[in-house]
$ cat target.pdb   # PDB, C-alpha atoms, pLDDT in the B column
MODEL        1
ATOM      1  CA  MET A1267     -20.165   2.598  15.706  1.00 45.00           C
ATOM      2  CA  LYS A1268     -18.902   0.409  18.516  1.00 50.00           C
ATOM      3  CA  ASN A1269     -15.970  -1.924  19.026  1.00 57.00           C
ATOM      4  CA  ARG A1270     -15.038  -2.309  15.372  1.00 68.00           C
ATOM      5  CA  PHE A1271     -11.395  -1.614  16.121  1.00 67.00           C
ATOM      6  CA  SER A1272      -9.240  -0.709  19.082  1.00 69.00           C
ATOM      7  CA  MET A1273      -6.214   1.503  19.424  1.00 72.00           C
ATOM      8  CA  GLU A1274      -2.817  -0.095  19.839  1.00 66.00           C
ATOM      9  CA  MET A1275      -0.954   1.966  22.400  1.00 64.00           C
ATOM     10  CA  ASP A1276       2.798   2.408  22.242  1.00 66.00           C
ATOM     11  CA  GLU A1277       4.601   4.184  25.077  1.00 65.00           C
ATOM     12  CA  TYR A1278       7.074   5.623  22.565  1.00 73.00           C
ATOM     13  CA  LEU A1279       4.361   6.872  20.174  1.00 80.00           C
ATOM     14  CA  PRO A1280       2.581  10.203  20.782  1.00 87.00           C
ATOM     15  CA  LEU A1281      -1.174   9.855  21.203  1.00 89.00           C
ATOM     16  CA  ARG A1282      -1.958  11.719  17.981  1.00 89.00           C
ATOM     17  CA  ASP A1283       0.290   9.315  16.055  1.00 91.00           C
ATOM     18  CA  ALA A1284      -1.296   6.282  17.704  1.00 91.00           C
ATOM     19  CA  VAL A1285      -4.748   7.559  16.701  1.00 93.00           C
ATOM     20  CA  TYR A1286      -3.541   8.236  13.146  1.00 93.00           C
ATOM     21  CA  LYS A1287      -2.031   4.756  12.871  1.00 90.00           C
ATOM     22  CA  THR A1288      -5.223   3.148  14.198  1.00 92.00           C
ATOM     23  CA  LEU A1289      -7.543   4.996  11.809  1.00 93.00           C
ATOM     24  CA  ARG A1290      -5.194   4.418   8.883  1.00 90.00           C
ATOM     25  CA  GLN A1291      -5.208   0.675   9.502  1.00 85.00           C
ATOM     26  CA  ALA A1292      -8.990   0.710   9.910  1.00 89.00           C
ATOM     27  CA  ILE A1293      -9.340   2.312   6.479  1.00 88.00           C
ATOM     28  CA  LEU A1294      -6.835   0.009   4.808  1.00 82.00           C
ATOM     29  CA  ARG A1295      -8.437  -3.099   6.305  1.00 78.00           C
ATOM     30  CA  GLY A1296     -11.930  -1.958   5.367  1.00 78.00           C
ATOM     31  CA  GLU A1297     -13.138  -1.531   8.952  1.00 84.00           C
ATOM     32  CA  LEU A1298     -13.852   2.063   7.975  1.00 90.00           C
ATOM     33  CA  LYS A1299     -15.426   1.704   4.554  1.00 86.00           C
ATOM     34  CA  PRO A1300     -15.151   3.904   1.438  1.00 87.00           C
ATOM     35  CA  GLY A1301     -17.631   6.765   1.653  1.00 90.00           C
ATOM     36  CA  GLU A1302     -18.164   6.393   5.408  1.00 93.00           C
ATOM     37  CA  ARG A1303     -18.352   9.644   7.363  1.00 95.00           C
ATOM     38  CA  LEU A1304     -15.761  10.129  10.089  1.00 95.00           C
ATOM     39  CA  MET A1305     -17.608  11.543  13.061  1.00 93.00           C
ATOM     40  CA  GLU A1306     -15.132  13.064  15.508  1.00 93.00           C
ATOM     41  CA  ILE A1307     -17.281  12.573  18.621  1.00 93.00           C
ATOM     42  CA  ALA A1308     -18.098   8.935  17.815  1.00 92.00           C
ATOM     43  CA  LEU A1309     -14.484   8.079  16.980  1.00 93.00           C
ATOM     44  CA  ALA A1310     -13.229   9.828  20.120  1.00 92.00           C
ATOM     45  CA  GLU A1311     -15.643   7.824  22.258  1.00 91.00           C
ATOM     46  CA  GLU A1312     -14.732   4.561  20.560  1.00 90.00           C
ATOM     47  CA  LEU A1313     -10.997   5.081  20.974  1.00 90.00           C
ATOM     48  CA  GLY A1314     -11.230   6.677  24.399  1.00 89.00           C
ATOM     49  CA  VAL A1315      -9.505   9.934  23.443  1.00 91.00           C
ATOM     50  CA  SER A1316     -10.426  13.594  23.036  1.00 94.00           C
ATOM     51  CA  ARG A1317     -11.473  15.068  19.718  1.00 94.00           C
ATOM     52  CA  THR A1318      -8.160  16.877  19.193  1.00 95.00           C
ATOM     53  CA  PRO A1319      -6.036  13.825  18.226  1.00 94.00           C
ATOM     54  CA  ILE A1320      -8.951  12.579  16.093  1.00 95.00           C
ATOM     55  CA  ARG A1321      -9.015  15.891  14.241  1.00 95.00           C
ATOM     56  CA  ASP A1322      -5.222  15.828  13.778  1.00 95.00           C
ATOM     57  CA  ALA A1323      -5.355  12.248  12.466  1.00 95.00           C
ATOM     58  CA  ILE A1324      -8.139  13.077  10.000  1.00 96.00           C
ATOM     59  CA  ARG A1325      -6.114  16.017   8.685  1.00 95.00           C
ATOM     60  CA  LYS A1326      -3.094  13.778   8.125  1.00 94.00           C
ATOM     61  CA  LEU A1327      -5.210  11.068   6.494  1.00 94.00           C
ATOM     62  CA  GLU A1328      -6.555  13.704   4.117  1.00 93.00           C
ATOM     63  CA  GLN A1329      -2.970  14.544   3.138  1.00 89.00           C
ATOM     64  CA  ASP A1330      -2.397  10.830   2.498  1.00 85.00           C
ATOM     65  CA  GLY A1331      -5.391  10.725   0.159  1.00 84.00           C
ATOM     66  CA  LEU A1332      -7.261   8.280   2.401  1.00 89.00           C
ATOM     67  CA  VAL A1333      -9.832  10.841   3.610  1.00 94.00           C
ATOM     68  CA  ARG A1334     -11.680  13.589   1.757  1.00 93.00           C
ATOM     69  CA  MET A1335     -13.413  16.666   3.114  1.00 93.00           C
ATOM     70  CA  ILE A1336     -16.912  17.033   1.645  1.00 92.00           C
ATOM     71  CA  HIS A1337     -18.681  20.401   1.720  1.00 88.00           C
ATOM     72  CA  ARG A1338     -21.357  20.479   4.452  1.00 84.00           C
ATOM     73  CA  LYS A1339     -20.712  16.841   5.291  1.00 86.00           C
ATOM     74  CA  GLY A1340     -17.236  16.894   6.777  1.00 92.00           C
ATOM     75  CA  ALA A1341     -14.662  14.120   6.554  1.00 95.00           C
ATOM     76  CA  GLN A1342     -15.319  10.788   4.930  1.00 95.00           C
ATOM     77  CA  VAL A1343     -13.220   7.826   3.860  1.00 94.00           C
ATOM     78  CA  ALA A1344     -12.099   8.396   0.269  1.00 90.00           C
ATOM     79  CA  ASN A1345     -13.813   6.175  -2.265  1.00 87.00           C
ATOM     80  CA  ILE A1346     -11.728   3.891  -4.438  1.00 83.00           C
ATOM     81  CA  THR A1347     -12.634   4.916  -7.987  1.00 87.00           C
ATOM     82  CA  GLU A1348     -11.451   3.450 -11.268  1.00 89.00           C
ATOM     83  CA  LYS A1349     -10.137   6.876 -12.333  1.00 91.00           C
ATOM     84  CA  ASP A1350      -8.123   7.358  -9.137  1.00 88.00           C
ATOM     85  CA  LEU A1351      -6.789   3.820  -9.397  1.00 89.00           C
ATOM     86  CA  THR A1352      -5.736   4.264 -13.014  1.00 91.00           C
ATOM     87  CA  ASP A1353      -4.092   7.632 -12.273  1.00 92.00           C
ATOM     88  CA  VAL A1354      -2.066   6.202  -9.386  1.00 91.00           C
ATOM     89  CA  LEU A1355      -1.012   3.025 -11.177  1.00 92.00           C
ATOM     90  CA  GLU A1356      -0.015   4.897 -14.336  1.00 93.00           C
ATOM     91  CA  VAL A1357       2.440   6.875 -12.232  1.00 94.00           C
ATOM     92  CA  ARG A1358       3.523   3.752 -10.368  1.00 95.00           C
ATOM     93  CA  ILE A1359       4.260   1.914 -13.613  1.00 95.00           C
ATOM     94  CA  GLY A1360       6.486   4.768 -14.781  1.00 95.00           C
ATOM     95  CA  LEU A1361       8.396   4.821 -11.506  1.00 96.00           C
ATOM     96  CA  GLU A1362       8.763   1.039 -11.285  1.00 96.00           C
ATOM     97  CA  LEU A1363       9.982   0.709 -14.873  1.00 96.00           C
ATOM     98  CA  LEU A1364      12.748   3.218 -14.156  1.00 96.00           C
ATOM     99  CA  ALA A1365      13.573   1.633 -10.803  1.00 96.00           C
ATOM    100  CA  ILE A1366      13.816  -1.887 -12.165  1.00 96.00           C
ATOM    101  CA  ASP A1367      15.875  -0.780 -15.157  1.00 96.00           C
ATOM    102  CA  LYS A1368      18.429   0.833 -12.838  1.00 96.00           C
ATOM    103  CA  ALA A1369      18.292  -2.117 -10.424  1.00 95.00           C
ATOM    104  CA  CYS A1370      19.286  -4.493 -13.212  1.00 96.00           C
ATOM    105  CA  GLN A1371      22.345  -2.321 -13.833  1.00 94.00           C
ATOM    106  CA  MET A1372      23.340  -1.601 -10.245  1.00 94.00           C
ATOM    107  CA  ILE A1373      22.282  -4.426  -7.947  1.00 96.00           C
ATOM    108  CA  GLY A1374      25.049  -6.005  -5.888  1.00 95.00           C
ATOM    109  CA  ARG A1375      25.289  -9.418  -4.267  1.00 95.00           C
ATOM    110  CA  GLU A1376      24.143  -8.255  -0.827  1.00 96.00           C
ATOM    111  CA  GLN A1377      21.170  -6.378  -2.277  1.00 96.00           C
ATOM    112  CA  LEU A1378      20.238  -9.386  -4.394  1.00 97.00           C
ATOM    113  CA  LEU A1379      20.225 -11.528  -1.256  1.00 97.00           C
ATOM    114  CA  GLN A1380      17.943  -8.958   0.405  1.00 97.00           C
ATOM    115  CA  LEU A1381      15.552  -9.142  -2.540  1.00 97.00           C
ATOM    116  CA  GLU A1382      15.584 -12.948  -2.443  1.00 97.00           C
ATOM    117  CA  GLN A1383      14.764 -12.852   1.272  1.00 98.00           C
ATOM    118  CA  ALA A1384      11.968 -10.336   0.661  1.00 97.00           C
ATOM    119  CA  ALA A1385      10.431 -12.695  -1.907  1.00 97.00           C
ATOM    120  CA  LYS A1386      10.563 -15.520   0.659  1.00 97.00           C
ATOM    121  CA  ASP A1387       9.066 -13.269   3.334  1.00 97.00           C
ATOM    122  CA  PHE A1388       6.160 -12.445   1.042  1.00 97.00           C
ATOM    123  CA  GLU A1389       5.494 -16.117   0.356  1.00 96.00           C
ATOM    124  CA  LYS A1390       5.602 -16.823   4.087  1.00 96.00           C
ATOM    125  CA  ALA A1391       3.128 -13.992   4.715  1.00 96.00           C
ATOM    126  CA  ILE A1392       0.794 -15.474   2.104  1.00 94.00           C
ATOM    127  CA  GLU A1393       0.887 -18.784   3.937  1.00 93.00           C
ATOM    128  CA  GLY A1394       0.143 -16.996   7.234  1.00 93.00           C
ATOM    129  CA  GLY A1395      -2.970 -15.375   5.800  1.00 90.00           C
ATOM    130  CA  ASP A1396      -2.672 -12.000   7.579  1.00 90.00           C
ATOM    131  CA  LEU A1397      -3.620  -9.247   5.125  1.00 89.00           C
ATOM    132  CA  THR A1398      -1.490  -6.537   6.729  1.00 88.00           C
ATOM    133  CA  GLU A1399       1.591  -8.782   6.848  1.00 93.00           C
ATOM    134  CA  MET A1400       1.100  -9.632   3.166  1.00 94.00           C
ATOM    135  CA  ALA A1401       0.846  -5.966   2.209  1.00 92.00           C
ATOM    136  CA  GLU A1402       3.923  -5.039   4.262  1.00 93.00           C
ATOM    137  CA  ALA A1403       5.938  -7.888   2.736  1.00 96.00           C
ATOM    138  CA  ASP A1404       4.867  -6.939  -0.779  1.00 95.00           C
ATOM    139  CA  LYS A1405       5.776  -3.303  -0.117  1.00 94.00           C
ATOM    140  CA  ALA A1406       9.190  -4.343   1.258  1.00 96.00           C
ATOM    141  CA  PHE A1407       9.975  -6.361  -1.886  1.00 97.00           C
ATOM    142  CA  HIS A1408       9.288  -3.425  -4.201  1.00 96.00           C
ATOM    143  CA  GLU A1409      11.001  -0.851  -1.992  1.00 95.00           C
ATOM    144  CA  ILE A1410      14.272  -2.792  -2.139  1.00 96.00           C
ATOM    145  CA  ILE A1411      14.201  -2.333  -5.916  1.00 96.00           C
ATOM    146  CA  TYR A1412      13.780   1.428  -5.464  1.00 96.00           C
ATOM    147  CA  GLN A1413      16.615   1.589  -2.931  1.00 95.00           C
ATOM    148  CA  VAL A1414      18.916  -0.322  -5.286  1.00 94.00           C
ATOM    149  CA  SER A1415      18.309   2.295  -7.978  1.00 91.00           C
ATOM    150  CA  GLY A1416      20.258   4.834  -5.904  1.00 89.00           C
ATOM    151  CA  ASN A1417      18.110   7.624  -7.356  1.00 93.00           C
ATOM    152  CA  LYS A1418      17.063   9.844  -4.427  1.00 94.00           C
ATOM    153  CA  CYS A1419      14.448  11.718  -6.455  1.00 95.00           C
ATOM    154  CA  LEU A1420      12.872   8.461  -7.621  1.00 95.00           C
ATOM    155  CA  ILE A1421      12.801   7.108  -4.063  1.00 94.00           C
ATOM    156  CA  GLN A1422      11.185  10.322  -2.819  1.00 93.00           C
ATOM    157  CA  MET A1423       8.507  10.219  -5.529  1.00 93.00           C
ATOM    158  CA  GLN A1424       7.735   6.610  -4.655  1.00 92.00           C
ATOM    159  CA  ALA A1425       7.391   7.552  -0.994  1.00 89.00           C
ATOM    160  CA  THR A1426       4.881  10.277  -1.914  1.00 86.00           C
ATOM    161  CA  LEU A1427       2.753   7.702  -3.719  1.00 88.00           C
ATOM    162  CA  ARG A1428       3.129   5.050  -1.007  1.00 85.00           C
ATOM    163  CA  GLU A1429      -0.176   5.489   0.852  1.00 80.00           C
ATOM    164  CA  GLN A1430      -2.372   5.374  -2.239  1.00 82.00           C
ATOM    165  CA  VAL A1431      -0.520   2.337  -3.571  1.00 87.00           C
ATOM    166  CA  TYR A1432      -0.728   0.648  -0.172  1.00 85.00           C
ATOM    167  CA  ARG A1433      -4.509   0.947  -0.091  1.00 84.00           C
ATOM    168  CA  TYR A1434      -4.882  -0.576  -3.544  1.00 86.00           C
ATOM    169  CA  ARG A1435      -2.405  -3.310  -2.594  1.00 87.00           C
ATOM    170  CA  MET A1436      -4.553  -4.215   0.419  1.00 85.00           C
ATOM    171  CA  GLU A1437      -7.647  -4.352  -1.789  1.00 84.00           C
ATOM    172  CA  TYR A1438      -5.961  -6.638  -4.321  1.00 87.00           C
ATOM    173  CA  LEU A1439      -4.608  -9.007  -1.694  1.00 89.00           C
ATOM    174  CA  LYS A1440      -8.116  -9.682  -0.399  1.00 84.00           C
ATOM    175  CA  GLU A1441      -8.584 -12.076  -3.333  1.00 82.00           C
ATOM    176  CA  GLU A1442      -7.044 -15.402  -2.360  1.00 83.00           C
ATOM    177  CA  ASN A1443      -6.821 -16.591  -5.952  1.00 82.00           C
ATOM    178  CA  VAL A1444      -4.370 -13.813  -6.897  1.00 86.00           C
ATOM    179  CA  ARG A1445      -1.951 -14.295  -4.025  1.00 91.00           C
ATOM    180  CA  ARG A1446      -0.122 -17.269  -5.547  1.00 89.00           C
ATOM    181  CA  ALA A1447       0.105 -15.377  -8.824  1.00 92.00           C
ATOM    182  CA  LEU A1448       1.898 -12.589  -6.970  1.00 93.00           C
ATOM    183  CA  VAL A1449       4.392 -15.068  -5.517  1.00 94.00           C
ATOM    184  CA  GLU A1450       5.135 -16.320  -9.033  1.00 95.00           C
ATOM    185  CA  GLU A1451       5.446 -12.802 -10.411  1.00 95.00           C
ATOM    186  CA  HIS A1452       7.887 -11.845  -7.645  1.00 96.00           C
ATOM    187  CA  GLY A1453       9.941 -14.897  -8.583  1.00 96.00           C
ATOM    188  CA  GLN A1454       9.981 -13.837 -12.226  1.00 97.00           C
ATOM    189  CA  ILE A1455      11.036 -10.296 -11.304  1.00 97.00           C
ATOM    190  CA  LEU A1456      13.796 -11.648  -9.083  1.00 97.00           C
ATOM    191  CA  ARG A1457      15.136 -13.961 -11.790  1.00 97.00           C
ATOM    192  CA  ALA A1458      15.160 -11.190 -14.409  1.00 97.00           C
ATOM    193  CA  ILE A1459      17.066  -8.848 -12.076  1.00 97.00           C
ATOM    194  CA  ARG A1460      19.503 -11.630 -11.191  1.00 96.00           C
ATOM    195  CA  GLU A1461      20.117 -12.137 -14.926  1.00 96.00           C
ATOM    196  CA  ARG A1462      20.397  -8.332 -15.359  1.00 96.00           C
ATOM    197  CA  ASP A1463      17.875  -8.568 -18.196  1.00 97.00           C
ATOM    198  CA  ALA A1464      16.311  -5.127 -17.979  1.00 97.00           C
ATOM    199  CA  GLU A1465      13.902  -5.532 -20.900  1.00 97.00           C
ATOM    200  CA  LYS A1466      12.562  -8.805 -19.540  1.00 97.00           C
ATOM    201  CA  ALA A1467      12.261  -7.337 -16.035  1.00 97.00           C
ATOM    202  CA  LYS A1468      10.360  -4.283 -17.306  1.00 97.00           C
ATOM    203  CA  GLY A1469       7.939  -6.493 -19.229  1.00 97.00           C
ATOM    204  CA  ILE A1470       7.245  -8.543 -16.100  1.00 96.00           C
ATOM    205  CA  ILE A1471       6.780  -5.513 -13.832  1.00 96.00           C
ATOM    206  CA  TYR A1472       4.386  -3.952 -16.335  1.00 96.00           C
ATOM    207  CA  ARG A1473       2.229  -7.099 -16.398  1.00 95.00           C
ATOM    208  CA  HIS A1474       2.529  -7.367 -12.612  1.00 93.00           C
ATOM    209  CA  ILE A1475       0.995  -3.935 -12.059  1.00 94.00           C
ATOM    210  CA  GLU A1476      -1.529  -4.231 -14.886  1.00 93.00           C
ATOM    211  CA  ASN A1477      -2.819  -7.487 -13.362  1.00 90.00           C
ATOM    212  CA  GLN A1478      -3.337  -5.583 -10.111  1.00 89.00           C
ATOM    213  CA  ARG A1479      -5.227  -2.798 -11.890  1.00 90.00           C
ATOM    214  CA  VAL A1480      -7.591  -5.281 -13.536  1.00 89.00           C
ATOM    215  CA  GLY A1481      -8.088  -7.200 -10.292  1.00 86.00           C
ATOM    216  CA  ILE A1482      -8.826  -4.090  -8.227  1.00 86.00           C
ATOM    217  CA  ILE A1483     -11.292  -2.766 -10.804  1.00 88.00           C
ATOM    218  CA  ARG A1484     -13.072  -6.105 -10.603  1.00 84.00           C
ATOM    219  CA  SER A1485     -13.232  -5.698  -6.832  1.00 78.00           C
ATOM    220  CA  ILE A1486     -14.489  -2.087  -7.072  1.00 77.00           C
ATOM    221  CA  ARG A1487     -17.288  -3.081  -9.423  1.00 78.00           C
ATOM    222  CA  ALA A1488     -18.348  -5.792  -6.994  1.00 73.00           C
ATOM    223  CA  TYR A1489     -19.030  -3.263  -4.197  1.00 64.00           C
TER     224      TYR A1489
ENDMDL
END

$ encode --input "target.pdb" --output "structure tokens"
Amino acid sequence: MKNRFSMEMDEYLPLRDAVYKTLRQAILRGELKPGERLMEIALAEELGVSRTPIRDAIRKLEQDGLVRMIHRKGAQVANITEKDLTDVLEVRIGLELLAIDKACQMIGREQLLQLEQAAKDFEKAIEGGDLTEMAEADKAFHEIIYQVSGNKCLIQMQATLREQVYRYRMEYLKEENVRRALVEEHGQILRAIRERDAEKAKGIIYRHIENQRVGIIRSIRAY
């Protein structure tokens, strides 16, 4: 395993965090593939660090659900399974339906402008073609809706689910033909919230996430 990815150093970021961030991005981008074993010595040599920050990063990635420890085999990148996907998105749908219902009731002018800008940022990211930028912009759009809800427990639950959702989001965005559909769906969500039509907004968000589930399953089966 040589030169597949390099570590982005940040003078303000501890080494263990830089290693974690690098390996996380490698998994999300598919540079470290589902089912691939994470060999501490090889990764340490590739990134030019000792095994200790590699071990710490792997432990944190396991907590995120991106890495699994296999008996007698050690750490490996967690597979994306249809069952795991369905479990995560079932929870996400429940959270998003509550968040968007409360957003329709509570959103103010400034927050609406933030959501409008987030929709534009996502469209711009689509045009740029960078997968990570698209995923970050998509995440930002949905997180504004959670913040508008004002429900601290809901926001905390969404944060717990963030890493798993992020990985599936990256997988879905790999398909160019779905990206424009996402732009349109964001526009529909925005319009429904602007109109404070909670039932319409919930119907759109349900279809939005279900389309992602179907698309990701199609991608999984193509592996």

$ closest_residue --input "target.pdb" --among "A:His1408, A:Arg1460, A:Lys1287, A:His1474" --to "A:Leu1327" --atoms "all atoms listed in the file"
A:Lys1287

$ atom_distance --input "target.pdb" --atom1 "atom CA of A:Glu1441" --atom2 "atom CA of A:Lys1390"
16.7 Å

$ resolve_selection --input "target.pdb" --expression "the PyMOL selection byres ((chain A and resi 1394-1403) around 8)" --output "mmCIF file with C-alpha atoms, in the coordinates of the input"
data_model
loop_
_atom_site.group_PDB
_atom_site.id
_atom_site.type_symbol
_atom_site.label_atom_id
_atom_site.label_comp_id
_atom_site.auth_asym_id
_atom_site.auth_seq_id
_atom_site.Cartn_x
_atom_site.Cartn_y
_atom_site.Cartn_z
ATOM 1 C CA ARG A 1295 -8.437 -3.099 6.305
ATOM 2 C CA ALA A 1384 11.968 -10.336 0.661
ATOM 3 C CA ASP A 1387 9.066 -13.269 3.334
ATOM 4 C CA PHE A 1388 6.160 -12.445 1.042
ATOM 5 C CA LYS A 1390 5.602 -16.823 4.087
ATOM 6 C CA ALA A 1391 3.128 -13.992 4.715
ATOM 7 C CA ILE A 1392 0.794 -15.474 2.104
ATOM 8 C CA GLU A 1393 0.887 -18.784 3.937
ATOM 9 C CA ASP A 1404 4.867 -6.939 -0.779
ATOM 10 C CA LYS A 1405 5.776 -3.303 -0.117
ATOM 11 C CA ALA A 1406 9.190 -4.343 1.258
ATOM 12 C CA PHE A 1407 9.975 -6.361 -1.886
ATOM 13 C CA TYR A 1432 -0.728 0.648 -0.172
ATOM 14 C CA ARG A 1435 -2.405 -3.310 -2.594
ATOM 15 C CA MET A 1436 -4.553 -4.215 0.419
ATOM 16 C CA LEU A 1439 -4.608 -9.007 -1.694
ATOM 17 C CA LYS A 1440 -8.116 -9.682 -0.399
#

$ resolve_selection --input "target.pdb" --expression "the PyMOL selection byres ((chain A and resi 1447) around 12)" --output "list in words"
Phe1388, Glu1389, Ile1392, Tyr1438, Leu1439, Glu1441, Glu1442, Asn1443, Val1444, Arg1445, Arg1446, Leu1448, Val1449, Glu1450, Glu1451, His1452, Gly1453, Gln1454, Arg1473, His1474, Ile1475, Asn1477, Gln1478 and Gly1481 of chain A

$ closest_residue --input "target.pdb" --among "A:Ile1346, A:Met1423, A:Ile1307, A:Ala1284" --to "A:Glu1437" --atoms "all atoms listed in the file"
A:Ile1346

$ resolve_selection --input "target.pdb" --expression "the PyMOL selection byres ((chain A and resi 1318) around 12)" --output "list in words"
Leu1281, Arg1282, Asp1283, Val1285, Tyr1286, Glu1306, Ile1307, Leu1309, Ala1310, Gly1314, Val1315, Ser1316, Arg1317, Pro1319, Ile1320, Arg1321, Asp1322, Ala1323, Ile1324 and Arg1325 of chain A

$ residues_around --input "target.pdb" --residues "A:Leu1378" --least-positions-apart "5" --cutoff "9 Å" --atoms "all atoms listed in the file" --output "ChimeraX atom specification"
/A:1373,1383,1456,1459-1460

$ atom_distance --input "target.pdb" --atom1 "atom CA of A:Thr1352" --atom2 "atom CA of A:Leu1332"
16.0 Å

$ atom_distance --input "target.pdb" --atom1 "atom CA of A:Arg1428" --atom2 "atom CA of A:Asp1353"
13.6 Å

$ closest_residue --input "target.pdb" --among "A:Lys1326, A:Leu1420, A:Gly1331, A:Ala1425" --to "A:Leu1351" --atoms "only C-alpha atoms"
A:Gly1331

$ closest_residue --input "target.pdb" --among "A:Cys1419, A:Ala1467, A:Leu1289, A:Val1431" --to "A:Glu1312" --atoms "all atoms listed in the file"
A:Leu1289

$ residues_around --input "target.pdb" --residues "A:Cys1370" --least-positions-apart "3" --cutoff "10 Å" --atoms "only C-alpha atoms" --output "ChimeraX atom specification"
/A:1365-1367,1373-1374,1411,1414-1415,1456,1458-1465,1467-1468

$ closest_residue --input "target.pdb" --among "A:Leu1298, A:Ile1483, A:Ala1344, A:Met1372" --to "A:Gly1416" --atoms "only C-alpha atoms"
A:Met1372

$ residues_around --input "target.pdb" --residues "A:Pro1300" --least-positions-apart "6" --cutoff "12 Å" --atoms "all atoms listed in the file" --output "VMD selection string"
chain A and resid 1292 to 1294 1331 to 1334 1341 to 1347 1433 1437 1486 1489

$ closest_residue --input "target.pdb" --among "A:Tyr1472, A:Ile1410, A:Lys1349, A:Lys1299" --to "A:Glu1376" --atoms "all atoms listed in the file"
A:Ile1410
